[in-house]
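Student: Got a structure for you, data.tsv, holding TSV, C-alpha atoms.
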```tsv
chain	number	residue	atom	x	y	z
D	89	MET	CA	13.79	-81.78	-43.66
D	90	THR	CA	16.56	-79.17	-44.09
D	91	ASP	CA	15.70	-76.15	-46.19
D	92	VAL	CA	18.57	-76.14	-48.67
D	93	ALA	CA	17.70	-72.67	-49.99
D	94	ALA	CA	17.81	-71.22	-46.47
D	95	THR	CA	21.28	-72.66	-45.74
D	96	LYS	CA	22.81	-71.96	-49.13
D	97	GLY	CA	25.61	-69.40	-49.06
D	98	PRO	CA	26.07	-66.44	-51.38
D	99	SER	CA	26.44	-67.20	-55.08
D	100	LYS	CA	29.70	-66.72	-56.95
D	101	SER	CA	28.22	-63.63	-58.59
D	102	GLN	CA	27.31	-62.15	-55.18
D	103	VAL	CA	30.80	-62.84	-53.83
D	104	THR	CA	32.40	-61.21	-56.87
D	105	ARG	CA	30.09	-58.21	-56.60
D	106	ARG	CA	31.08	-57.73	-52.96
D	107	LEU	CA	34.78	-57.98	-53.85
D	108	ILE	CA	34.31	-55.30	-56.50
D	109	LEU	CA	32.55	-53.01	-54.02
D	110	GLU	CA	35.24	-53.49	-51.36
D	111	ALA	CA	38.06	-52.86	-53.84
D	112	ALA	CA	36.33	-49.80	-55.27
D	113	ALA	CA	35.61	-48.36	-51.82
D	114	GLY	CA	39.28	-48.69	-50.88
D	115	LEU	CA	40.42	-47.04	-54.12
D	116	PHE	CA	37.91	-44.20	-53.84
D	117	ARG	CA	39.00	-43.67	-50.26
D	118	GLU	CA	42.63	-43.38	-51.30
D	119	HIS	CA	42.41	-41.58	-54.64
D	120	GLY	CA	39.02	-39.84	-54.73
D	121	TYR	CA	36.23	-40.32	-57.24
D	122	ALA	CA	37.92	-38.72	-60.26
D	123	GLY	CA	41.19	-40.50	-59.58
D	124	VAL	CA	39.75	-44.01	-60.01
D	125	SER	CA	38.63	-45.62	-63.26
D	126	LEU	CA	36.68	-48.82	-63.84
D	127	ARG	CA	39.89	-50.26	-65.23
D	128	ASP	CA	41.65	-49.55	-61.92
D	129	ILE	CA	38.86	-51.32	-60.03
D	130	ALA	CA	38.87	-54.30	-62.39
D	131	GLU	CA	42.63	-54.66	-62.04
D	132	ALA	CA	42.35	-54.54	-58.24
D	133	VAL	CA	39.92	-57.44	-58.33
D	134	GLY	CA	41.88	-59.35	-60.98
D	135	MET	CA	39.33	-59.21	-63.78
D	136	LYS	CA	39.01	-57.60	-67.18
D	137	THR	CA	37.19	-54.28	-67.40
D	138	GLY	CA	34.56	-55.81	-69.67
D	139	SER	CA	33.74	-58.44	-67.05
D	140	LEU	CA	33.09	-55.72	-64.49
D	141	TYR	CA	30.20	-54.45	-66.62
D	142	TYR	CA	28.39	-57.71	-65.92
D	143	HIS	CA	28.00	-56.51	-62.32
D	144	PHE	CA	27.84	-52.70	-62.74
D	145	ASP	CA	26.85	-50.87	-65.89
D	146	SER	CA	28.74	-47.67	-65.01
D	147	LYS	CA	31.10	-46.04	-62.57
D	148	GLU	CA	28.15	-43.98	-61.31
D	149	SER	CA	26.07	-47.06	-60.43
D	150	LEU	CA	29.06	-48.57	-58.63
D	151	VAL	CA	29.79	-45.51	-56.52
D	152	GLU	CA	26.10	-45.05	-55.74
D	153	GLU	CA	25.93	-48.54	-54.26
D	154	ILE	CA	29.04	-47.84	-52.17
D	155	LEU	CA	27.44	-44.69	-50.78
D	156	MET	CA	24.21	-46.57	-50.13
D	157	LEU	CA	25.99	-49.40	-48.30
D	158	GLY	CA	27.70	-46.87	-46.04
D	159	THR	CA	24.51	-45.06	-45.05
D	160	LEU	CA	22.04	-47.94	-44.98
D	161	GLY	CA	24.51	-50.17	-43.15
D	162	ALA	CA	25.00	-47.63	-40.38
D	163	PHE	CA	21.25	-46.98	-40.19
D	164	ALA	CA	20.45	-50.69	-39.96
D	165	ALA	CA	23.04	-51.20	-37.22
D	166	SER	CA	21.75	-48.24	-35.20
D	167	ARG	CA	18.10	-49.17	-35.56
D	168	ALA	CA	18.77	-52.79	-34.55
D	169	ALA	CA	20.64	-51.65	-31.44
D	170	VAL	CA	17.80	-49.30	-30.47
D	171	GLU	CA	15.08	-51.88	-31.07
D	172	ALA	CA	17.00	-54.43	-28.97
D	173	LEU	CA	16.40	-52.19	-25.95
D	174	GLY	CA	12.65	-52.55	-26.28
D	175	PRO	CA	9.91	-49.95	-26.83
D	176	ARG	CA	9.93	-48.67	-23.25
D	177	ALA	CA	13.64	-47.86	-23.13
D	178	ASP	CA	14.72	-44.41	-21.95
D	179	PRO	CA	15.39	-42.16	-24.98
D	180	VAL	CA	18.83	-41.21	-23.64
D	181	GLU	CA	19.75	-44.90	-23.57
D	182	ARG	CA	18.35	-45.28	-27.10
D	183	LEU	CA	20.51	-42.42	-28.32
D	184	GLU	CA	23.59	-44.01	-26.79
D	185	ALA	CA	22.75	-47.38	-28.39
D	186	ALA	CA	22.34	-45.70	-31.79
D	187	LEU	CA	25.62	-43.79	-31.55
D	188	VAL	CA	27.58	-46.80	-30.27
D	189	ALA	CA	26.27	-48.98	-33.11
D	190	HIS	CA	26.93	-46.23	-35.65
D	191	THR	CA	30.55	-45.88	-34.50
D	192	ARG	CA	31.10	-49.63	-34.45
D	193	PHE	CA	29.82	-49.90	-38.03
D	194	LEU	CA	32.03	-47.02	-39.20
D	195	HIS	CA	35.16	-48.74	-37.99
D	196	ASP	CA	34.14	-52.27	-38.99
D	197	GLU	CA	33.37	-51.04	-42.54
D	198	GLU	CA	36.04	-48.35	-42.64
D	199	ASP	CA	36.57	-48.24	-46.41
D	200	PHE	CA	32.87	-47.70	-47.11
D	201	ALA	CA	32.58	-45.06	-44.39
D	202	SER	CA	35.74	-43.24	-45.48
D	203	ALA	CA	34.69	-43.32	-49.13
D	204	ASN	CA	31.36	-41.73	-48.15
D	205	LEU	CA	33.09	-38.87	-46.38
D	206	LYS	CA	35.78	-38.32	-48.98
D	207	ILE	CA	33.92	-38.53	-52.28
D	208	LEU	CA	30.35	-37.40	-51.57
D	209	HIS	CA	31.04	-33.92	-52.94
D	210	GLN	CA	32.94	-35.35	-55.93
D	211	VAL	CA	30.27	-37.64	-57.35
D	212	PRO	CA	27.74	-36.57	-60.04
D	213	PRO	CA	25.00	-34.28	-58.65
D	214	ALA	CA	22.18	-36.77	-59.30
D	215	VAL	CA	24.02	-39.49	-57.37
D	216	ARG	CA	24.78	-37.09	-54.54
D	217	GLU	CA	21.17	-35.91	-54.27
D	218	ARG	CA	19.81	-39.47	-54.05
D	219	HIS	CA	22.36	-40.25	-51.37
D	220	VAL	CA	21.46	-37.12	-49.40
D	221	GLN	CA	17.80	-38.20	-49.43
D	222	GLN	CA	18.80	-41.55	-47.87
D	223	ASP	CA	20.97	-39.78	-45.34
D	224	ARG	CA	18.09	-37.54	-44.31
D	225	ILE	CA	15.91	-40.56	-43.50
D	226	TYR	CA	18.59	-41.83	-41.12
D	227	GLY	CA	19.05	-38.35	-39.69
D	228	ARG	CA	15.31	-38.02	-39.06
D	229	TYR	CA	15.33	-41.30	-37.16
D	230	VAL	CA	17.97	-40.05	-34.73
D	231	ALA	CA	16.37	-36.58	-34.63
D	232	ASP	CA	13.15	-38.17	-33.39
D	233	ILE	CA	15.07	-39.77	-30.50
D	234	ILE	CA	16.64	-36.42	-29.59
D	235	ASP	CA	13.25	-34.70	-29.83
D	236	GLU	CA	11.86	-37.26	-27.39
D	237	ILE	CA	14.75	-36.52	-25.02
D	238	ALA	CA	13.93	-32.83	-25.28
D	239	ASP	CA	10.23	-33.49	-24.56
D	240	THR	CA	10.67	-35.93	-21.68
D	241	ARG	CA	13.97	-35.00	-20.05
D	242	GLY	CA	14.63	-31.52	-21.41
D	243	LEU	CA	17.76	-29.98	-22.88
D	244	ALA	CA	20.01	-27.45	-21.24
D	245	PRO	CA	19.37	-23.78	-22.10
D	246	GLY	CA	20.79	-22.87	-25.51
D	247	ILE	CA	21.05	-26.46	-26.79
D	248	ASP	CA	19.52	-26.84	-30.25
D	249	PRO	CA	18.34	-30.43	-30.95
D	250	SER	CA	19.25	-30.32	-34.64
D	251	MET	CA	22.71	-28.93	-33.95
D	252	LEU	CA	23.25	-31.51	-31.22
D	253	ARG	CA	22.52	-34.30	-33.70
D	254	MET	CA	24.89	-32.86	-36.30
D	255	LEU	CA	27.64	-32.39	-33.73
D	256	CYS	CA	27.30	-35.99	-32.54
D	257	PHE	CA	27.44	-37.44	-36.04
D	258	GLY	CA	30.16	-35.06	-37.17
D	259	ALA	CA	32.42	-35.99	-34.26
D	260	LEU	CA	31.90	-39.72	-34.71
D	261	ASN	CA	32.08	-39.77	-38.51
D	262	TRP	CA	35.41	-37.99	-38.62
D	263	SER	CA	36.87	-40.29	-35.98
D	264	ILE	CA	37.80	-42.67	-38.80
D	265	SER	CA	40.40	-40.12	-39.91
D	266	TRP	CA	42.22	-39.97	-36.57
D	267	PHE	CA	41.28	-42.85	-34.28
D	268	SER	CA	44.20	-45.16	-33.59
D	269	PRO	CA	43.22	-47.90	-31.14
D	270	LYS	CA	45.56	-48.55	-28.23
D	271	GLY	CA	43.51	-51.21	-26.53
D	272	GLU	CA	40.25	-49.23	-26.81
D	273	ARG	CA	37.31	-50.24	-28.96
D	274	PRO	CA	36.03	-47.54	-31.37
D	275	GLU	CA	32.61	-47.50	-29.73
D	276	GLU	CA	34.23	-46.15	-26.55
D	277	MET	CA	34.30	-42.79	-28.35
D	278	ALA	CA	30.50	-42.85	-28.56
D	279	ARG	CA	30.27	-43.63	-24.86
D	280	GLN	CA	32.64	-40.75	-24.07
D	281	LEU	CA	30.49	-38.49	-26.22
D	282	MET	CA	27.39	-39.55	-24.32
D	283	ILE	CA	29.06	-38.54	-21.05
D	284	LEU	CA	29.37	-35.04	-22.53
D	285	VAL	CA	25.74	-35.14	-23.66
D	286	ARG	CA	24.48	-36.25	-20.26
D	287	HIS	CA	26.46	-33.64	-18.34
D	288	GLY	CA	26.36	-30.79	-20.84
D	289	ALA	CA	23.38	-31.06	-23.18
D	290	LEU	CA	20.64	-32.41	-20.91
D	291	ALA	CA	18.69	-30.17	-18.60
D	292	PRO	CA	19.94	-30.51	-15.03
D	293	ARG	CA	17.75	-32.64	-12.85
D	294	PRO	CA	15.99	-30.71	-10.08
D	295	ARG	CA	17.53	-31.21	-6.71
D	296	SER	CA	15.39	-33.07	-4.22
D	297	PRO	CA	14.56	-30.98	-1.15
D	298	SER	CA	16.90	-31.67	1.75
```
Go ahead and render the structure in this file as structure tokens.
Tutor:
Amino acid sequence: MTDVAATKGPSKSQVTRRLILEAAAGLFREHGYAGVSLRDIAEAVGMKTGSLYYHFDSKESLVEEILMLGTLGAFAASRAAVEALGPRADPVERLEAALVAHTRFLHDEEDFASANLKILHQVPPAVRERHVQQDRIYGRYVADIIDEIADTRGLAPGIDPSMLRMLCFGALNWSISWFSPKGERPEEMARQLMILVRHGALAPRPRSPS
């Protein structure tokens, strides 16, 4: 017997909520946090401002969910890609899988990613602090992979694991402001970055005796 509940699609309320989030993310990306009102968001979705309060009780709760979707979505994509490799995968390969998935998510969900980068320092301090805590959990996940690389493969002299992580994420995150595909997929940037990591950040392999 078919499980109707399992095959049922999203409710009308869930669809509307998603439309609100997508519209708000696009507006925040374009105009910044202070430049967008709930009325602007409601008009973009084609509803009255009062109806928007059925889904979000404040502008702060709306922007906090947008920030959360950006971070948790990228984290979920990266973790799924790493876990698909299996527990015995080489940590360098796991790092590449995480960065490729992260980049793919950024460009598939560009409005959410861009809104995160543009408005994080504009939102109320309490909202920003909660978001930073979520971001640190994701950062720690990738830091653990880099620490394993350092322990098992080694890093080149002068390479700081924490700085390496920040440089990787910084380069990929800001690609949404300049990347213009000309036949390339966005994740190719992550693969290019991993070439630099392999040949510049990892300790050189000892030469076998001739």
Student: Looking at D:Ala185, D:Met135, D:Ala238, D:Ala203, which one is nearest to Leu252 of chain D, with distances taken over only C-alpha atoms?
Tutor: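 Checking each candidate against Leu252 of chain D, we get D:Ala238 as the closest.
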Student: Any chance you could tabulate, as CSV, the residues of segment 161-186 of chain D at most 10 Å from segment 281-295 of chain D with each one's nearest atom pair and distance in Å to one decimal, using only C-alpha atoms, in chain and rising number order?
Tutor:
```
residue,atom,partner,partner_atom,distance
D:Val180,CA,D:Arg286,CA,8.2
D:Glu181,CA,D:Met282,CA,9.4
D:Leu183,CA,D:Met282,CA,8.5
D:Glu184,CA,D:Met282,CA,6.4
D:Ala185,CA,D:Met282,CA,10.0
```
Student: For Arg106 of chain D, work out the shell of residues within 12 Å, counting only C-alpha atoms and skipping chain neighbours fewer than 3 positions away, then give it as a PyMOL selection string.
Tutor: chain D and resi 98-103+109-113+133+140+143-144+150+153-154+157+200
Student: Name the closest residue to Asn204 of chain D among the candidates D:Arg241, D:Arg167, D:Arg192, D:His219; distances are taken between atoms, counting all atoms listed in the file.
Tutor: D:His219
Student: So, counting all atoms listed in the file, which residue among D:Arg228, D:Lys206, D:Arg218, D:His190 is closest to His119 of chain D?
Tutor: D:Lys206
Student: Just to confirm, what's the straight-line distance from atom CA of His209 of chain D to atom CA of Val151 of chain D in Å (one decimal)?
Tutor: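 It comes out at 12.2 Å.
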Student: Quick one: pull the distance between atom CA of Pro274 of chain D and atom CA of His195 of chain D, Å, one decimal.
Tutor: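 Between atom CA of Pro274 of chain D and atom CA of His195 of chain D the gap is 6.8 Å.
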Student: Between D:Ala164, D:Asp145, D:Ala172, D:Gln222, which residue has the minimum interatomic distance to Phe193 of chain D, considering all atoms listed in the file?
Tutor: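 Smallest separation from Phe193 of chain D among the options: D:Ala164.
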Student: Quote the spacing between atom CA of Ser125 of chain D and atom CA of Glu197 of chain D in Å to one decimal place.
Tutor: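 Computing it gives 22.1 Å between the two atoms.
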Student: Counting only C-alpha atoms, which of D:Thr159, D:Ser265, D:Ser202, D:Ser146 gets nearest to Ile129 of chain D?
Tutor: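 Among the listed residues, the smallest separation from Ile129 of chain D belongs to D:Ser146.
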Student: Counting all atoms listed in the file, figure out which residue out of D:Ala169, D:Leu187, D:Leu115, D:Ala130 gets nearest to Leu255 of chain D.
Tutor: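 Ranking D:Ala169, D:Leu187, D:Leu115, D:Ala130 by distance to Leu255 of chain D, first place goes to D:Leu187.
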Student: Any idea what's packed within 8 Å of Val188 of chain D, counting all atoms listed in the file, ignoring anything in its chain fewer than 4 positions away? Could you give it as a count of residues only?
Tutor: 7
Student: Could you pull segment 152-295 of chain D out of the block above and give me C-alpha atoms, as a PDB file, in the first residue's frame?
Tutor:
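This is the output file selection-v9.pdb:
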```pdb
ATOM      1  CA  GLU D 152      17.923  34.916  10.294  1.00  0.00           C
ATOM      2  CA  GLU D 153      16.351  32.050   8.364  1.00  0.00           C
ATOM      3  CA  ILE D 154      17.956  33.286   5.137  1.00  0.00           C
ATOM      4  CA  LEU D 155      21.365  33.313   6.807  1.00  0.00           C
ATOM      5  CA  MET D 156      20.719  29.872   8.272  1.00  0.00           C
ATOM      6  CA  LEU D 157      19.681  28.415   4.906  1.00  0.00           C
ATOM      7  CA  GLY D 158      22.886  29.710   3.347  1.00  0.00           C
ATOM      8  CA  THR D 159      25.197  28.197   5.955  1.00  0.00           C
ATOM      9  CA  LEU D 160      23.351  24.979   6.762  1.00  0.00           C
ATOM     10  CA  GLY D 161      22.677  24.297   3.090  1.00  0.00           C
ATOM     11  CA  ALA D 162      26.356  24.560   2.196  1.00  0.00           C
ATOM     12  CA  PHE D 163      27.324  22.465   5.228  1.00  0.00           C
ATOM     13  CA  ALA D 164      24.817  19.741   4.364  1.00  0.00           C
ATOM     14  CA  ALA D 165      26.016  19.618   0.758  1.00  0.00           C
ATOM     15  CA  SER D 166      29.676  19.399   1.788  1.00  0.00           C
ATOM     16  CA  ARG D 167      29.094  16.763   4.447  1.00  0.00           C
ATOM     17  CA  ALA D 168      27.028  14.614   2.071  1.00  0.00           C
ATOM     18  CA  ALA D 169      29.761  14.773  -0.567  1.00  0.00           C
ATOM     19  CA  VAL D 170      32.423  13.782   1.982  1.00  0.00           C
ATOM     20  CA  GLU D 171      30.370  10.936   3.443  1.00  0.00           C
ATOM     21  CA  ALA D 172      29.697   9.585  -0.063  1.00  0.00           C
ATOM     22  CA  LEU D 173      33.432   8.859  -0.355  1.00  0.00           C
ATOM     23  CA  GLY D 174      33.302   6.472   2.578  1.00  0.00           C
ATOM     24  CA  PRO D 175      35.126   6.504   5.937  1.00  0.00           C
ATOM     25  CA  ARG D 176      38.458   5.325   4.521  1.00  0.00           C
ATOM     26  CA  ALA D 177      38.775   8.060   1.900  1.00  0.00           C
ATOM     27  CA  ASP D 178      42.007  10.043   1.724  1.00  0.00           C
ATOM     28  CA  PRO D 179      41.590  13.359   3.603  1.00  0.00           C
ATOM     29  CA  VAL D 180      42.849  15.342   0.611  1.00  0.00           C
ATOM     30  CA  GLU D 181      40.079  13.803  -1.490  1.00  0.00           C
ATOM     31  CA  ARG D 182      37.588  14.596   1.284  1.00  0.00           C
ATOM     32  CA  LEU D 183      38.675  18.222   1.309  1.00  0.00           C
ATOM     33  CA  GLU D 184      38.221  18.444  -2.452  1.00  0.00           C
ATOM     34  CA  ALA D 185      34.751  16.872  -2.208  1.00  0.00           C
ATOM     35  CA  ALA D 186      33.759  19.376   0.492  1.00  0.00           C
ATOM     36  CA  LEU D 187      35.016  22.393  -1.460  1.00  0.00           C
ATOM     37  CA  VAL D 188      33.454  21.250  -4.742  1.00  0.00           C
ATOM     38  CA  ALA D 189      30.076  20.704  -3.056  1.00  0.00           C
ATOM     39  CA  HIS D 190      30.359  24.034  -1.238  1.00  0.00           C
ATOM     40  CA  THR D 191      31.028  25.890  -4.492  1.00  0.00           C
ATOM     41  CA  ARG D 192      28.233  24.103  -6.325  1.00  0.00           C
ATOM     42  CA  PHE D 193      25.778  25.055  -3.570  1.00  0.00           C
ATOM     43  CA  LEU D 194      26.912  28.694  -3.609  1.00  0.00           C
ATOM     44  CA  HIS D 195      26.140  29.054  -7.287  1.00  0.00           C
ATOM     45  CA  ASP D 196      22.968  26.956  -7.273  1.00  0.00           C
ATOM     46  CA  GLU D 197      21.586  29.057  -4.387  1.00  0.00           C
ATOM     47  CA  GLU D 198      23.248  32.305  -5.398  1.00  0.00           C
ATOM     48  CA  ASP D 199      20.773  34.726  -3.810  1.00  0.00           C
ATOM     49  CA  PHE D 200      21.065  33.072  -0.393  1.00  0.00           C
ATOM     50  CA  ALA D 201      24.856  32.925  -0.613  1.00  0.00           C
ATOM     51  CA  SER D 202      25.171  36.522  -1.809  1.00  0.00           C
ATOM     52  CA  ALA D 203      22.781  37.761   0.866  1.00  0.00           C
ATOM     53  CA  ASN D 204      24.928  36.046   3.506  1.00  0.00           C
ATOM     54  CA  LEU D 205      28.059  37.798   2.299  1.00  0.00           C
ATOM     55  CA  LYS D 206      26.469  41.193   1.785  1.00  0.00           C
ATOM     56  CA  ILE D 207      24.301  41.667   4.864  1.00  0.00           C
ATOM     57  CA  LEU D 208      25.949  39.675   7.659  1.00  0.00           C
ATOM     58  CA  HIS D 209      27.545  42.805   9.123  1.00  0.00           C
ATOM     59  CA  GLN D 210      24.314  44.791   8.680  1.00  0.00           C
ATOM     60  CA  VAL D 211      21.929  42.576  10.639  1.00  0.00           C
ATOM     61  CA  PRO D 212      21.180  43.023  14.379  1.00  0.00           C
ATOM     62  CA  PRO D 213      24.060  41.852  16.611  1.00  0.00           C
ATOM     63  CA  ALA D 214      22.065  39.017  18.210  1.00  0.00           C
ATOM     64  CA  VAL D 215      21.154  37.613  14.781  1.00  0.00           C
ATOM     65  CA  ARG D 216      24.747  37.929  13.613  1.00  0.00           C
ATOM     66  CA  GLU D 217      26.138  36.183  16.683  1.00  0.00           C
ATOM     67  CA  ARG D 218      23.790  33.198  16.313  1.00  0.00           C
ATOM     68  CA  HIS D 219      24.748  32.927  12.667  1.00  0.00           C
ATOM     69  CA  VAL D 220      28.465  33.081  13.486  1.00  0.00           C
ATOM     70  CA  GLN D 221      27.998  30.186  15.925  1.00  0.00           C
ATOM     71  CA  GLN D 222      26.459  28.085  13.114  1.00  0.00           C
ATOM     72  CA  ASP D 223      29.249  29.097  10.767  1.00  0.00           C
ATOM     73  CA  ARG D 224      31.868  27.995  13.282  1.00  0.00           C
ATOM     74  CA  ILE D 225      30.393  24.489  13.428  1.00  0.00           C
ATOM     75  CA  TYR D 226      30.777  24.185   9.658  1.00  0.00           C
ATOM     76  CA  GLY D 227      34.259  25.678   9.839  1.00  0.00           C
ATOM     77  CA  ARG D 228      35.280  23.175  12.515  1.00  0.00           C
ATOM     78  CA  TYR D 229      34.117  20.315  10.304  1.00  0.00           C
ATOM     79  CA  VAL D 230      36.410  21.388   7.466  1.00  0.00           C
ATOM     80  CA  ALA D 231      39.196  22.284   9.921  1.00  0.00           C
ATOM     81  CA  ASP D 232      39.154  18.692  11.173  1.00  0.00           C
ATOM     82  CA  ILE D 233      39.715  17.458   7.609  1.00  0.00           C
ATOM     83  CA  ILE D 234      42.647  19.844   7.156  1.00  0.00           C
ATOM     84  CA  ASP D 235      44.087  18.810  10.526  1.00  0.00           C
ATOM     85  CA  GLU D 236      43.945  15.185   9.385  1.00  0.00           C
ATOM     86  CA  ILE D 237      45.791  16.155   6.200  1.00  0.00           C
ATOM     87  CA  ALA D 238      48.433  17.860   8.322  1.00  0.00           C
ATOM     88  CA  ASP D 239      48.781  14.775  10.552  1.00  0.00           C
ATOM     89  CA  THR D 240      48.854  12.137   7.816  1.00  0.00           C
ATOM     90  CA  ARG D 241      50.306  13.868   4.778  1.00  0.00           C
ATOM     91  CA  GLY D 242      51.910  16.966   6.245  1.00  0.00           C
ATOM     92  CA  LEU D 243      51.764  20.596   5.169  1.00  0.00           C
ATOM     93  CA  ALA D 244      54.519  22.559   3.511  1.00  0.00           C
ATOM     94  CA  PRO D 245      56.716  24.691   5.799  1.00  0.00           C
ATOM     95  CA  GLY D 246      54.983  27.916   6.809  1.00  0.00           C
ATOM     96  CA  ILE D 247      51.447  26.738   5.955  1.00  0.00           C
ATOM     97  CA  ASP D 248      49.016  27.413   8.797  1.00  0.00           C
ATOM     98  CA  PRO D 249      45.999  25.020   8.755  1.00  0.00           C
ATOM     99  CA  SER D 250      43.539  27.631  10.012  1.00  0.00           C
ATOM    100  CA  MET D 251      44.691  30.217   7.494  1.00  0.00           C
ATOM    101  CA  LEU D 252      44.549  27.644   4.709  1.00  0.00           C
ATOM    102  CA  ARG D 253      40.904  26.939   5.536  1.00  0.00           C
ATOM    103  CA  MET D 254      40.012  30.635   5.597  1.00  0.00           C
ATOM    104  CA  LEU D 255      41.804  31.256   2.304  1.00  0.00           C
ATOM    105  CA  CYS D 256      39.962  28.375   0.626  1.00  0.00           C
ATOM    106  CA  PHE D 257      36.553  29.517   1.810  1.00  0.00           C
ATOM    107  CA  GLY D 258      37.293  33.175   1.168  1.00  0.00           C
ATOM    108  CA  ALA D 259      38.321  32.518  -2.426  1.00  0.00           C
ATOM    109  CA  LEU D 260      35.313  30.331  -3.163  1.00  0.00           C
ATOM    110  CA  ASN D 261      32.733  32.450  -1.340  1.00  0.00           C
ATOM    111  CA  TRP D 262      33.649  35.606  -3.194  1.00  0.00           C
ATOM    112  CA  SER D 263      33.566  33.818  -6.543  1.00  0.00           C
ATOM    113  CA  ILE D 264      29.841  34.569  -6.660  1.00  0.00           C
ATOM    114  CA  SER D 265      30.734  38.235  -7.158  1.00  0.00           C
ATOM    115  CA  TRP D 266      32.894  37.684 -10.242  1.00  0.00           C
ATOM    116  CA  PHE D 267      32.382  34.238 -11.764  1.00  0.00           C
ATOM    117  CA  SER D 268      30.852  34.409 -15.231  1.00  0.00           C
ATOM    118  CA  PRO D 269      30.552  30.934 -16.755  1.00  0.00           C
ATOM    119  CA  LYS D 270      31.777  30.482 -20.306  1.00  0.00           C
ATOM    120  CA  GLY D 271      31.141  26.791 -20.588  1.00  0.00           C
ATOM    121  CA  GLU D 272      32.737  25.995 -17.205  1.00  0.00           C
ATOM    122  CA  ARG D 273      30.841  24.733 -14.189  1.00  0.00           C
ATOM    123  CA  PRO D 274      31.360  26.737 -10.957  1.00  0.00           C
ATOM    124  CA  GLU D 275      32.813  23.724  -9.160  1.00  0.00           C
ATOM    125  CA  GLU D 276      35.776  23.807 -11.562  1.00  0.00           C
ATOM    126  CA  MET D 277      37.051  26.710  -9.443  1.00  0.00           C
ATOM    127  CA  ALA D 278      37.234  24.400  -6.428  1.00  0.00           C
ATOM    128  CA  ARG D 279      39.139  21.830  -8.462  1.00  0.00           C
ATOM    129  CA  GLN D 280      41.569  24.526  -9.652  1.00  0.00           C
ATOM    130  CA  LEU D 281      42.017  25.593  -6.040  1.00  0.00           C
ATOM    131  CA  MET D 282      42.800  22.025  -5.025  1.00  0.00           C
ATOM    132  CA  ILE D 283      45.567  21.904  -7.643  1.00  0.00           C
ATOM    133  CA  LEU D 284      47.130  24.866  -5.828  1.00  0.00           C
ATOM    134  CA  VAL D 285      46.661  23.130  -2.475  1.00  0.00           C
ATOM    135  CA  ARG D 286      48.226  19.894  -3.683  1.00  0.00           C
ATOM    136  CA  HIS D 287      51.241  21.582  -5.245  1.00  0.00           C
ATOM    137  CA  GLY D 288      51.695  24.464  -2.825  1.00  0.00           C
ATOM    138  CA  ALA D 289      50.223  23.684   0.592  1.00  0.00           C
ATOM    139  CA  LEU D 290      51.006  19.988   1.028  1.00  0.00           C
ATOM    140  CA  ALA D 291      54.391  18.783   2.154  1.00  0.00           C
ATOM    141  CA  PRO D 292      56.393  17.466  -0.795  1.00  0.00           C
ATOM    142  CA  ARG D 293      56.481  13.727  -1.024  1.00  0.00           C
ATOM    143  CA  PRO D 294      59.919  12.226  -0.393  1.00  0.00           C
ATOM    144  CA  ARG D 295      61.652  11.111  -3.523  1.00  0.00           C
TER     145      ARG D 295
END
```
